[in-house]
Amino acid sequence: MTLMKKPLALLLTLTLTLALLASASAETAVLYQSDFSADTDGWYPRSLGAAAIELTGEGALKITGRAGDWHSPGRDFELTAGETYQLKVDVRQGDRPEARFILSVAHSKNGVESYENLAFANAKQGEWTTLEGVYVAGDFDRNVFYVETYSAGTLDYEIRDFVLIGEKPEYETETIPALKDVYAGRFDFGTAVTFNEALSKDRMAFYGSQFNIFTPGNELKPDSVLDVLASQQLARDDETAVAVKLNAAAPLLSWAQLNGVKVHGHVLVWHNQTPEAFFHESYSFAKPLVSREVMLGRLENYIRAVMELTEEKYPGVIVSWDVVNEAIDDSTGKLRDSRWLQIIGEDYLARAFEYARKWAPEGTLLFYNDYNSALEPKLTGIMSLLESLMAEGNIDGYGFQMHHDVAFPSDAQISAGLKRVAATGLLLRVSELDVTIPDTSEATLQKQADKYGAIMRMLLEYPNQLISVQTWGVQDNLSWRASQYPLLFDAQAQPKPAFWAVVEAGQ
Ligand code: XIL
């Protein structure tokens, strides 16, 4: 960790730390606060040579001579993989009415650099503007935080008050009821976990205390699993050959294996988060789309390779799969336009289920997963798709995403959707439950709790079909919809009223 040396800075650090400690039941520590009074404090210009940084004499650092948006003041930080960091920095520019700034991290592993944007803000001319973000550190050997621009690559600007706060939540690992125990004997209770979260032992011990089934949030999607470069090599001899890799999913899969908990695989076939190259000759998106026959070959080989590799490395861990995700169009209820539909045609779903059944280890449950099953015409579209898949006999169940808002859809709509899908007799899962709210006032948190409670009570009406309920994440601040506080635990990993409502519904 970067430690501070200067007495004034130390005082500031203590004050800020105490203020933060008072407001949160997490162990937080200011790990770094910039001090631009005497020197550039470890910051340097990231550029191809022309950019320069200087002290302004007023506690800020100025960058000039930029020739690209990423040319920026940056600084290296030592971070621990899996831990959560809060960041904040002020920016000011005097050049134009408004400019867009981004707080980013450039991380590298074995010399290969990659980037993540952590916060965005528009800065009005002459006004100090704050960028604030959160970062769960990945598995990298170098992390550089930097402040860059968007479409303003030659702008001069200043930064001040860069603060890095390390946050170690006091996880309630043994002190609160466990959702998996509350619903034991009825269905599994689980959550989604992303790569970086899976790197922290403490965090995973907490998640493991609450949940008994896990879905990688992104890491088993085709953009993580399809090895495009290796597939390009193979395609020289056989256009239908496919290479896959599991490195993104590895931390969660090996943790699950070690701890004897189940994983639900998400997802084999989807229109999103799938490399465009998958659909082109030689896996090269500059070339034409492949034929139906080649795409069917790739589909089968992809599914086969994923099933074989997961079973070889993590036998028995993945108990079920979303074979296809989100194939129905919201406004028409027909099949959504996608590369899959364009190249293979309407039977791409039936073929995906056929191949999944053929190659999945025996007993693996195969699901079709979608959202908006509380709304028409989507629900009718989902129903006819399910019926046609059931006629072929390779589908086991339907996954309701349930990305809801506290005010929409209504309980009546959700329950009507559930009832209609349940009438198929298929197994049911709730795969991605979250409920957004506009603010965190006591009243709104209570409404959110009521909504979660109502949903759980509806679900309990299907004891013979419902096999698992999974939230899409654990803590609000790490959610894909973090700005709308949709989950059961707050940013300090403390249970929210919604958590207690889910517990109560199960008692
Ligand atoms: C989301 C992830 O949570 C995000 O991290 C990612 O940027 C986009 O995808 N429906 C799904 C999930 O089936 O795969 C999506 O997950 C959320 C909506």
# chains A, B, ... in the order shown; residues from 1 in each chain; ligands from 1

call {"tool": "residues_near_ligand", "arguments": {"ligand": "ligand 1", "cutoff": "7 Å", "atoms": "only C-alpha atoms and all ligand atoms", "output": "list in words"}}
result
Gly217, Asn218, Asn325, Gln401 and Trp480 of chain A

call {"tool": "residues_around", "arguments": {"residues": "Gly316 (chain A)", "least_positions_apart": "6", "cutoff": "9 Å", "atoms": "only C-alpha atoms", "output": "list of chain:residue names"}}
result
A:Gln257, A:Lys262, A:Thr310, A:Pro361

call {"tool": "residues_around", "arguments": {"residues": "Asp95 (chain A)", "least_positions_apart": "3", "cutoff": "12 Å", "atoms": "only C-alpha atoms", "output": "tab-separated table (two decimals) with C-alpha atoms, in the first residue's frame"}}
result
chain	number	residue	atom	x	y	z
A	64	THR	CA	-0.38	20.45	-20.81
A	92	ARG	CA	-10.95	21.70	-13.61
A	98	GLU	CA	-17.92	21.95	-20.89
A	99	ALA	CA	-15.64	18.90	-21.18
A	123	ALA	CA	-16.76	19.74	-15.99
A	124	LYS	CA	-18.03	23.24	-16.73
A	125	GLN	CA	-15.46	25.89	-17.60
A	126	GLY	CA	-13.56	27.06	-14.51
A	127	GLU	CA	-15.47	24.85	-12.06
A	152	ALA	CA	-11.09	16.58	-25.75
A	154	THR	CA	-5.73	18.51	-26.48
A	155	LEU	CA	-7.33	20.13	-23.46
A	156	ASP	CA	-5.13	21.38	-20.58
A	157	TYR	CA	-6.59	20.67	-17.14
A	158	GLU	CA	-5.83	20.43	-13.46

call {"tool": "select_by_dssp", "arguments": {"residues": "region 250-307 of chain A", "states": "alpha helix (DSSP H)", "output": "number ranges by chain"}}
result
A: 250-259, 292-307

call {"tool": "closest_residue", "arguments": {"among": "A:Ala327, A:Val144, A:Leu365, A:Ala178", "to": "Asn394 (chain A)", "atoms": "only C-alpha atoms"}}
result
A:Leu365

call {"tool": "decode", "arguments": {"residues": "region 321-410 of chain A", "atoms": "C-alpha atoms", "output": "PDB file, in the first residue's frame"}}
result
ATOM      1  CA  TRP A 321     -26.997 -23.946 -18.055  1.00  0.00           C
ATOM      2  CA  ASP A 322     -28.798 -21.107 -19.737  1.00  0.00           C
ATOM      3  CA  VAL A 323     -28.593 -22.602 -23.213  1.00  0.00           C
ATOM      4  CA  VAL A 324     -30.142 -19.558 -24.881  1.00  0.00           C
ATOM      5  CA  ASN A 325     -30.702 -16.091 -23.407  1.00  0.00           C
ATOM      6  CA  GLU A 326     -33.129 -13.353 -24.477  1.00  0.00           C
ATOM      7  CA  ALA A 327     -34.162 -14.673 -27.899  1.00  0.00           C
ATOM      8  CA  ILE A 328     -37.603 -13.015 -27.934  1.00  0.00           C
ATOM      9  CA  ASP A 329     -38.116  -9.450 -29.128  1.00  0.00           C
ATOM     10  CA  ASP A 330     -39.876  -7.184 -26.581  1.00  0.00           C
ATOM     11  CA  SER A 331     -42.136  -5.320 -28.955  1.00  0.00           C
ATOM     12  CA  THR A 332     -43.222  -8.099 -31.332  1.00  0.00           C
ATOM     13  CA  GLY A 333     -42.958 -11.277 -29.276  1.00  0.00           C
ATOM     14  CA  LYS A 334     -41.229 -12.850 -32.299  1.00  0.00           C
ATOM     15  CA  LEU A 335     -37.645 -14.061 -32.472  1.00  0.00           C
ATOM     16  CA  ARG A 336     -35.234 -11.173 -31.987  1.00  0.00           C
ATOM     17  CA  ASP A 337     -33.072 -10.234 -34.951  1.00  0.00           C
ATOM     18  CA  SER A 338     -29.555 -11.518 -34.282  1.00  0.00           C
ATOM     19  CA  ARG A 339     -26.606 -13.103 -36.033  1.00  0.00           C
ATOM     20  CA  TRP A 340     -27.899 -16.495 -34.878  1.00  0.00           C
ATOM     21  CA  LEU A 341     -31.245 -15.944 -36.553  1.00  0.00           C
ATOM     22  CA  GLN A 342     -29.725 -14.391 -39.690  1.00  0.00           C
ATOM     23  CA  ILE A 343     -27.237 -17.196 -40.283  1.00  0.00           C
ATOM     24  CA  ILE A 344     -28.916 -20.338 -38.981  1.00  0.00           C
ATOM     25  CA  GLY A 345     -32.594 -19.407 -39.100  1.00  0.00           C
ATOM     26  CA  GLU A 346     -35.431 -19.981 -36.639  1.00  0.00           C
ATOM     27  CA  ASP A 347     -34.275 -23.429 -35.584  1.00  0.00           C
ATOM     28  CA  TYR A 348     -31.067 -22.130 -33.975  1.00  0.00           C
ATOM     29  CA  LEU A 349     -32.658 -22.487 -30.528  1.00  0.00           C
ATOM     30  CA  ALA A 350     -33.811 -26.046 -31.130  1.00  0.00           C
ATOM     31  CA  ARG A 351     -30.340 -26.960 -32.392  1.00  0.00           C
ATOM     32  CA  ALA A 352     -28.632 -25.290 -29.423  1.00  0.00           C
ATOM     33  CA  PHE A 353     -30.769 -27.315 -27.008  1.00  0.00           C
ATOM     34  CA  GLU A 354     -30.179 -30.475 -29.034  1.00  0.00           C
ATOM     35  CA  TYR A 355     -26.382 -30.029 -28.904  1.00  0.00           C
ATOM     36  CA  ALA A 356     -26.455 -29.033 -25.231  1.00  0.00           C
ATOM     37  CA  ARG A 357     -28.392 -32.207 -24.395  1.00  0.00           C
ATOM     38  CA  LYS A 358     -26.001 -34.266 -26.505  1.00  0.00           C
ATOM     39  CA  TRP A 359     -22.806 -32.969 -24.900  1.00  0.00           C
ATOM     40  CA  ALA A 360     -23.769 -31.897 -21.374  1.00  0.00           C
ATOM     41  CA  PRO A 361     -22.902 -34.297 -18.570  1.00  0.00           C
ATOM     42  CA  GLU A 362     -25.881 -36.438 -17.655  1.00  0.00           C
ATOM     43  CA  GLY A 363     -28.284 -34.730 -15.311  1.00  0.00           C
ATOM     44  CA  THR A 364     -27.322 -31.180 -16.340  1.00  0.00           C
ATOM     45  CA  LEU A 365     -30.489 -29.064 -16.442  1.00  0.00           C
ATOM     46  CA  LEU A 366     -31.019 -26.968 -19.561  1.00  0.00           C
ATOM     47  CA  PHE A 367     -32.822 -23.615 -19.366  1.00  0.00           C
ATOM     48  CA  TYR A 368     -34.136 -20.931 -21.642  1.00  0.00           C
ATOM     49  CA  ASN A 369     -33.614 -17.563 -19.871  1.00  0.00           C
ATOM     50  CA  ASP A 370     -35.330 -14.231 -20.565  1.00  0.00           C
ATOM     51  CA  TYR A 371     -36.623 -10.958 -19.082  1.00  0.00           C
ATOM     52  CA  ASN A 372     -39.975  -9.152 -19.245  1.00  0.00           C
ATOM     53  CA  SER A 373     -41.998 -12.326 -18.899  1.00  0.00           C
ATOM     54  CA  ALA A 374     -44.448 -10.186 -16.926  1.00  0.00           C
ATOM     55  CA  LEU A 375     -45.257  -8.145 -20.059  1.00  0.00           C
ATOM     56  CA  GLU A 376     -47.038  -8.641 -23.375  1.00  0.00           C
ATOM     57  CA  PRO A 377     -46.423  -9.383 -26.189  1.00  0.00           C
ATOM     58  CA  LYS A 378     -43.189 -10.796 -24.830  1.00  0.00           C
ATOM     59  CA  LEU A 379     -44.884 -13.350 -22.579  1.00  0.00           C
ATOM     60  CA  THR A 380     -46.890 -14.832 -25.445  1.00  0.00           C
ATOM     61  CA  GLY A 381     -43.700 -15.011 -27.525  1.00  0.00           C
ATOM     62  CA  ILE A 382     -41.856 -16.773 -24.714  1.00  0.00           C
ATOM     63  CA  MET A 383     -44.751 -19.217 -24.297  1.00  0.00           C
ATOM     64  CA  SER A 384     -44.782 -20.275 -27.929  1.00  0.00           C
ATOM     65  CA  LEU A 385     -41.016 -20.619 -27.957  1.00  0.00           C
ATOM     66  CA  LEU A 386     -41.126 -22.799 -24.831  1.00  0.00           C
ATOM     67  CA  GLU A 387     -43.859 -24.955 -26.350  1.00  0.00           C
ATOM     68  CA  SER A 388     -41.857 -25.553 -29.517  1.00  0.00           C
ATOM     69  CA  LEU A 389     -38.731 -26.392 -27.519  1.00  0.00           C
ATOM     70  CA  MET A 390     -40.692 -28.731 -25.266  1.00  0.00           C
ATOM     71  CA  ALA A 391     -42.000 -30.546 -28.335  1.00  0.00           C
ATOM     72  CA  GLU A 392     -38.391 -31.460 -29.143  1.00  0.00           C
ATOM     73  CA  GLY A 393     -37.821 -32.608 -25.591  1.00  0.00           C
ATOM     74  CA  ASN A 394     -34.446 -31.043 -24.795  1.00  0.00           C
ATOM     75  CA  ILE A 395     -35.452 -28.227 -22.465  1.00  0.00           C
ATOM     76  CA  ASP A 396     -35.799 -28.672 -18.697  1.00  0.00           C
ATOM     77  CA  GLY A 397     -36.839 -25.259 -17.539  1.00  0.00           C
ATOM     78  CA  TYR A 398     -37.372 -21.532 -17.830  1.00  0.00           C
ATOM     79  CA  GLY A 399     -35.294 -18.870 -16.082  1.00  0.00           C
ATOM     80  CA  PHE A 400     -37.038 -15.620 -15.108  1.00  0.00           C
ATOM     81  CA  GLN A 401     -34.436 -12.860 -15.025  1.00  0.00           C
ATOM     82  CA  MET A 402     -36.646 -10.568 -12.889  1.00  0.00           C
ATOM     83  CA  HIS A 403     -34.701  -7.328 -13.269  1.00  0.00           C
ATOM     84  CA  HIS A 404     -37.522  -5.298 -11.776  1.00  0.00           C
ATOM     85  CA  ASP A 405     -38.142  -1.844 -10.384  1.00  0.00           C
ATOM     86  CA  VAL A 406     -39.954  -1.162  -7.142  1.00  0.00           C
ATOM     87  CA  ALA A 407     -42.806   0.460  -9.107  1.00  0.00           C
ATOM     88  CA  PHE A 408     -42.890  -1.743 -12.198  1.00  0.00           C
ATOM     89  CA  PRO A 409     -44.082  -4.280 -13.179  1.00  0.00           C
ATOM     90  CA  SER A 410     -46.921  -4.677 -10.686  1.00  0.00           C
TER      91      SER A 410
END
